[in-house]
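*Asks:* Following this line is model.csv, made up of CSV, C-alpha atoms and all ligand atoms:
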chain,number,residue,atom,x,y,z
C,6,MET,CA,30.5,-69.0,-66.1
C,7,THR,CA,34.3,-69.0,-66.2
C,8,ILE,CA,35.9,-66.1,-67.9
C,9,GLY,CA,39.6,-65.8,-68.9
C,10,PHE,CA,41.2,-62.5,-69.8
C,11,ILE,CA,44.5,-60.6,-69.5
C,12,LEU,CA,44.5,-58.3,-66.4
C,13,ASN,CA,47.4,-55.8,-66.1
C,14,GLY,CA,49.6,-58.1,-68.2
C,15,GLU,CA,48.7,-61.4,-66.5
C,16,ASP,CA,46.5,-64.2,-67.7
C,17,VAL,CA,43.7,-64.7,-65.2
C,18,ALA,CA,40.5,-66.8,-65.0
C,19,VAL,CA,37.6,-66.4,-62.6
C,20,ARG,CA,34.2,-68.0,-62.1
C,21,VAL,CA,31.4,-65.4,-62.0
C,22,ASP,CA,27.7,-64.8,-62.8
C,23,ALA,CA,27.4,-63.8,-66.5
C,24,ASN,CA,25.7,-60.5,-65.6
C,25,ILE,CA,28.0,-59.2,-62.8
C,26,ARG,CA,29.6,-55.9,-63.7
C,27,LEU,CA,33.3,-55.8,-64.5
C,28,ILE,CA,33.9,-53.2,-61.7
C,29,ASP,CA,32.6,-55.8,-59.2
C,30,ILE,CA,34.9,-58.5,-60.6
C,31,LEU,CA,37.9,-56.2,-60.3
C,32,ARG,CA,37.2,-55.1,-56.8
C,33,ARG,CA,35.8,-58.3,-55.3
C,34,ASN,CA,37.8,-61.0,-57.1
C,35,PHE,CA,41.1,-59.2,-57.6
C,36,SER,CA,41.1,-56.6,-54.9
C,37,LEU,CA,41.8,-53.9,-57.5
C,38,ILE,CA,40.1,-51.0,-55.8
C,39,GLY,CA,41.4,-48.1,-57.9
C,40,ALA,CA,38.3,-48.1,-60.0
C,41,LYS,CA,35.6,-46.8,-57.7
C,42,ALA,CA,31.9,-47.7,-57.6
C,43,GLY,CA,30.3,-44.3,-58.0
C,44,CYS,CA,27.0,-43.8,-59.9
C,45,LEU,CA,27.1,-47.4,-61.4
C,46,CYS,CA,25.2,-46.0,-64.4
C,47,GLY,CA,27.9,-44.6,-66.7
C,48,ARG,CA,27.7,-41.0,-65.6
C,49,CYS,CA,30.6,-40.3,-63.2
C,50,GLY,CA,33.7,-42.0,-64.7
C,51,ALA,CA,35.0,-43.1,-61.3
C,52,CYS,CA,35.1,-46.7,-62.5
C,53,SER,CA,37.2,-46.1,-65.6
C,54,ILE,CA,39.6,-48.8,-66.9
C,55,ILE,CA,41.3,-49.5,-70.2
C,56,PHE,CA,39.4,-52.3,-72.1
C,57,ASN,CA,41.1,-53.6,-75.3
C,58,GLY,CA,43.0,-50.4,-75.5
C,59,VAL,CA,40.0,-48.1,-75.1
C,60,VAL,CA,39.1,-46.2,-71.9
C,61,VAL,CA,35.6,-47.3,-70.8
C,62,LYS,CA,33.4,-47.3,-67.7
C,63,SER,CA,33.7,-50.7,-66.0
C,64,CYS,CA,30.2,-50.4,-64.4
C,65,LEU,CA,28.7,-50.8,-67.9
C,66,ILE,CA,30.6,-54.0,-68.9
C,67,PRO,CA,29.0,-57.3,-68.0
C,68,ALA,CA,31.1,-60.3,-67.2
C,69,PHE,CA,30.3,-62.1,-70.4
C,70,CYS,CA,31.9,-59.3,-72.5
C,71,VAL,CA,35.2,-59.6,-70.5
C,72,HIS,CA,36.1,-63.1,-71.7
C,73,GLU,CA,39.3,-63.0,-73.9
C,74,SER,CA,39.6,-59.3,-73.4
C,75,GLU,CA,42.7,-57.3,-72.2
C,76,ILE,CA,42.1,-55.0,-69.3
C,77,ILE,CA,44.4,-52.5,-67.7
C,78,THR,CA,43.2,-50.9,-64.4
C,79,ILE,CA,44.7,-47.8,-62.9
C,80,GLU,CA,47.0,-50.0,-60.9
C,81,GLY,CA,48.4,-51.4,-64.1
C,82,PHE,CA,48.5,-48.0,-65.8
C,83,GLU,CA,50.6,-46.6,-62.9
C,84,GLN,CA,53.5,-48.6,-64.4
C,85,ASP,CA,53.2,-46.8,-67.7
C,86,ALA,CA,55.3,-43.7,-68.4
C,87,GLY,CA,52.1,-41.9,-69.5
C,88,TYR,CA,50.9,-42.1,-66.0
C,89,GLU,CA,53.8,-40.0,-64.7
C,90,ASP,CA,53.2,-37.4,-67.5
C,91,ILE,CA,49.6,-37.0,-66.4
C,92,ILE,CA,50.4,-36.8,-62.6
C,93,ALA,CA,53.0,-34.2,-63.4
C,94,GLY,CA,50.5,-32.2,-65.4
C,95,PHE,CA,47.9,-32.3,-62.7
C,96,SER,CA,50.4,-31.3,-60.1
C,97,GLN,CA,51.8,-28.4,-62.1
C,98,ALA,CA,48.3,-27.1,-62.9
C,99,TYR,CA,47.0,-27.6,-59.3
C,100,VAL,CA,44.3,-30.0,-60.4
C,101,GLU,CA,42.5,-31.6,-57.4
C,102,THR,CA,42.3,-35.4,-57.4
C,103,CYS,CA,40.4,-37.0,-54.5
C,104,GLY,CA,40.0,-40.7,-54.1
C,105,TYR,CA,36.6,-40.6,-55.9
C,106,CYS,CA,37.6,-38.9,-59.1
C,107,LYS,CA,41.4,-39.6,-59.5
C,108,THR,CA,41.1,-42.7,-61.6
C,109,GLY,CA,38.5,-41.2,-63.9
C,110,LYS,CA,40.4,-38.0,-64.4
C,111,ILE,CA,43.7,-39.7,-65.1
C,112,LEU,CA,42.2,-42.1,-67.6
C,113,ALA,CA,40.2,-39.3,-69.2
C,114,VAL,CA,43.5,-37.6,-70.1
C,115,GLU,CA,44.9,-40.8,-71.4
C,116,ALA,CA,41.9,-41.4,-73.6
C,117,LEU,CA,42.1,-37.9,-74.9
C,118,LEU,CA,45.8,-37.8,-75.7
C,119,SER,CA,46.0,-41.2,-77.1
C,120,LYS,CA,43.5,-40.1,-79.8
C,121,ASN,CA,44.5,-36.5,-80.1
C,122,PRO,CA,48.1,-35.5,-79.0
C,123,ARG,CA,47.3,-31.8,-79.2
C,124,PRO,CA,43.7,-31.2,-78.2
C,125,SER,CA,42.2,-27.8,-78.4
C,126,ARG,CA,40.6,-26.1,-75.3
C,127,ARG,CA,37.2,-27.2,-76.5
C,128,GLU,CA,38.3,-30.8,-77.1
C,129,ILE,CA,39.9,-30.9,-73.6
C,130,LEU,CA,36.6,-29.9,-72.0
C,131,LEU,CA,34.7,-32.4,-74.1
C,132,GLY,CA,37.1,-35.1,-73.0
C,133,PHE,CA,36.1,-34.5,-69.4
C,134,GLN,CA,32.4,-34.4,-70.1
C,135,GLY,CA,31.8,-38.0,-68.9
C,136,LEU,CA,33.3,-37.3,-65.4
C,137,LYS,CA,31.7,-35.9,-62.3
C,138,CYS,CA,33.9,-33.5,-60.4
C,139,ARG,CA,32.8,-30.1,-59.5
C,140,CYS,CA,36.0,-29.2,-57.6
C,141,THR,CA,38.3,-28.4,-60.5
C,142,GLU,CA,38.2,-25.2,-62.5
C,143,HIS,CA,38.1,-25.7,-66.3
C,144,GLU,CA,41.1,-23.5,-66.7
C,145,ALA,CA,43.2,-25.8,-64.5
C,146,LEU,CA,42.1,-28.9,-66.5
C,147,ILE,CA,43.0,-27.2,-69.7
C,148,ASN,CA,46.5,-26.3,-68.3
C,149,ALA,CA,47.0,-29.8,-66.9
C,150,VAL,CA,46.3,-31.4,-70.3
C,151,SER,CA,48.5,-29.0,-72.2
C,152,ILE,CA,51.4,-29.6,-69.8
C,153,THR,CA,50.8,-33.4,-70.0
C,154,ALA,CA,50.7,-33.2,-73.8
C,155,ASP,CA,54.0,-31.3,-73.9
C,156,ARG,CA,55.7,-33.8,-71.6
C,157,ARG,CA,54.4,-36.7,-73.6
C,158,GLN,CA,55.6,-35.3,-76.9
C,159,LYS,CA,59.1,-34.6,-75.3
C,160,ARG,CA,59.3,-38.1,-73.9
C,161,LEU,CA,58.2,-39.8,-77.1
C,162,TYR,CA,59.8,-37.6,-79.8
C,163,GLY,CA,62.3,-35.4,-77.9
C,164,ARG,CA,60.3,-32.2,-78.7
C,165,SER,CA,57.1,-30.6,-77.5
C,166,SER,CA,55.4,-29.9,-80.9
D,201,LIG,S1,30.5,-45.9,-61.4
D,201,LIG,FE1,30.7,-46.2,-63.5
D,201,LIG,S2,30.4,-44.3,-64.5
D,201,LIG,FE2,29.9,-44.0,-62.4
D,202,LIG,S1,38.4,-33.5,-56.7
D,202,LIG,FE1,37.5,-35.5,-56.7
D,202,LIG,S2,35.4,-35.2,-57.1
D,202,LIG,FE2,36.4,-33.3,-57.3
Just give me the structure as structure tokens.

*Replies:*
Amino acid sequence: MTIGFILNGEDVAVRVDANIRLIDILRRNFSLIGAKAGCLCGRCGACSIIFNGVVVKSCLIPAFCVHESEIITIEGFEQDAGYEDIIAGFSQAYVETCGYCKTGKILAVEALLSKNPRPSRREILLGFQGLKCRCTEHEALINAVSITADRRQKRLYGRSS
């Protein structure tokens, strides 16, 4: 089948098997390798992308669902001011990001703050539940999200609360 969709702001079309996973389309057909093929069963978050405005795991999305959708990968999100806020939060809180988990961690913060600009400690930890990374302390993640939330509020509204 041929599917057409918007990928990082560009109209694209590609011919693929109907059941191929979105992560494979992104990596094989478009050389967008920021989404990693980890568990391939929805548990690690390494393959996260933004699908019609919602952060999802691209290993769970078959090609036939992609037609006429809008997709932003981490490569596209890097152009968003929100990306800089998150990277600064991680850096200031000393959050580890290796090649395996970086995309999932960044987009987990985006998913959380886009729904809830001021998450509680518990909400932050819940927001990272769908990710596999045993290298980062919970306290560091909580600090990173709080710093990111402050930066985001200042950037958007000129104040931090
Ligand atoms: S590769 Fe998709 S959630 Fe692990
Ligand atoms: S820092 Fe990447 S898996 Fe932990």

*Asks:* Nearest residue to ligand LIG 202 (chain D) out of C:Glu73, C:Glu83, C:Glu101, C:Asp29, using all atoms listed in the file?

*Replies:*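 Nearest to ligand LIG 202 (chain D): C:Glu101.
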
*Asks:* Could you give me, as a PyMOL selection string, every polymer residue with an atom at most 6 Å away from an atom of ligand LIG 201 (chain D), counting only C-alpha atoms and all ligand atoms?

*Replies:* chain C and resi 42-52+62-64

*Asks:* Compile the contact shell of Leu146 of chain C as a list in words: residues with an atom at most 10 Å away, counting only C-alpha atoms, same-chain residues fewer than 2 positions apart removed.

*Replies:*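 Residues near the query, excluding close chain neighbours: Gly94, Phe95, Ala98, Tyr99, Val100, Glu101, Lys110, Val114, Arg126, Ile129, Leu130, Phe133, Thr141, Glu142, His143, Glu144, Asn148, Ala149, Val150, Ser151 and Ile152 of chain C.
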
*Asks:* Give me, please, the distance in Å between atom CA of His72 of chain C and atom CA of Leu12 of chain C, quoted to one decimal.

*Replies:* 11.0 Å

*Asks:* Mind dumping a table of every chain C residue within 6 Å of ligand LIG 202 (chain D), with the nearest atom pair and its distance in Å to one decimal, using only C-alpha atoms and all ligand atoms, sorted by chain and rising number, as JSON lines?

*Replies:*
{"residue": "C:Glu101", "atom": "CA", "partner": "D:LIG202", "partner_atom": "S1", "distance": 4.6}
{"residue": "C:Thr102", "atom": "CA", "partner": "D:LIG202", "partner_atom": "S1", "distance": 4.4}
{"residue": "C:Cys103", "atom": "CA", "partner": "D:LIG202", "partner_atom": "FE1", "distance": 3.9}
{"residue": "C:Tyr105", "atom": "CA", "partner": "D:LIG202", "partner_atom": "FE1", "distance": 5.2}
{"residue": "C:Cys106", "atom": "CA", "partner": "D:LIG202", "partner_atom": "FE1", "distance": 4.2}
{"residue": "C:Cys138", "atom": "CA", "partner": "D:LIG202", "partner_atom": "FE2", "distance": 4.0}
{"residue": "C:Arg139", "atom": "CA", "partner": "D:LIG202", "partner_atom": "FE2", "distance": 5.3}
{"residue": "C:Cys140", "atom": "CA", "partner": "D:LIG202", "partner_atom": "FE2", "distance": 4.1}

*Asks:* Give the answer as one residue: which of C:Gly9, C:Gly58, C:Gly163, C:Gly109 has the shortest atom-to-atom distance to Ile79 of chain C, using only C-alpha atoms?

*Replies:*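 The answer is C:Gly109, which sits nearest to Ile79 of chain C.
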
*Asks:* Using all atoms listed in the file, find the one residue out of C:Ser125, C:Gln158, C:Ser119, C:Ser96 that sits nearest to Val60 of chain C.

*Replies:* C:Ser119

*Asks:* Measure the distance from atom CA of Pro122 of chain C to atom CA of Gly14 of chain C in Å and round it to one decimal.

*Replies:*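 The value is 25.1 Å.
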
*Asks:* Between C:Lys41, C:Phe69, C:Lys120, C:Ile54, which is the closest to Asn24 of chain C once you count all atoms listed in the file?

*Replies:* C:Phe69

*Asks:* What gap, in Å, lies between atom CA of Ala113 of chain C and atom CA of Ile66 of chain C?

*Replies:*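 These atoms are spaced 17.6 Å apart.
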
*Asks:* Kindly provide, as lines of an AutoDock Vina configuration file, the centre and edge lengths (Å, one decimal) of an axis-aligned box around all atoms of segment 70-88 of chain C given in the file, with 6 Å on each side.

*Replies:*
center_x = 43.6
center_y = -52.5
center_z = -67.4
size_x = 35.4
size_y = 33.2
size_z = 25.0

*Asks:* Out of C:Met6, C:Ala68, C:Ile91, C:Leu131, which residue has the shortest atom-to-atom distance to Arg26 of chain C when counting only C-alpha atoms?

*Replies:*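 Among the listed residues, the smallest separation from Arg26 of chain C belongs to C:Ala68.
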
*Asks:* Give the answer as one residue: which of C:Thr153, C:Ser74, C:Asn57, C:Asn34 has the shortest atom-to-atom distance to Leu118 of chain C, using only C-alpha atoms?

*Replies:* C:Thr153

*Asks:* I'd like the contact shell of Tyr88 of chain C - 9 Å cut-off, all atoms listed in the file, skipping same-chain residues fewer than 5 positions apart - returned as a ChimeraX atom specification.

*Replies:* /C:79,82-83,93,111-112,115

*Asks:* Using only C-alpha atoms, give me every residue within 12 Å of (43.3, -60.3, -66.7) in file coordinates, as an NGL selection string.

*Replies:* :C and (8-19 or 27 or 30-31 or 34-35 or 37 or 55-57 or 71-78 or 81)
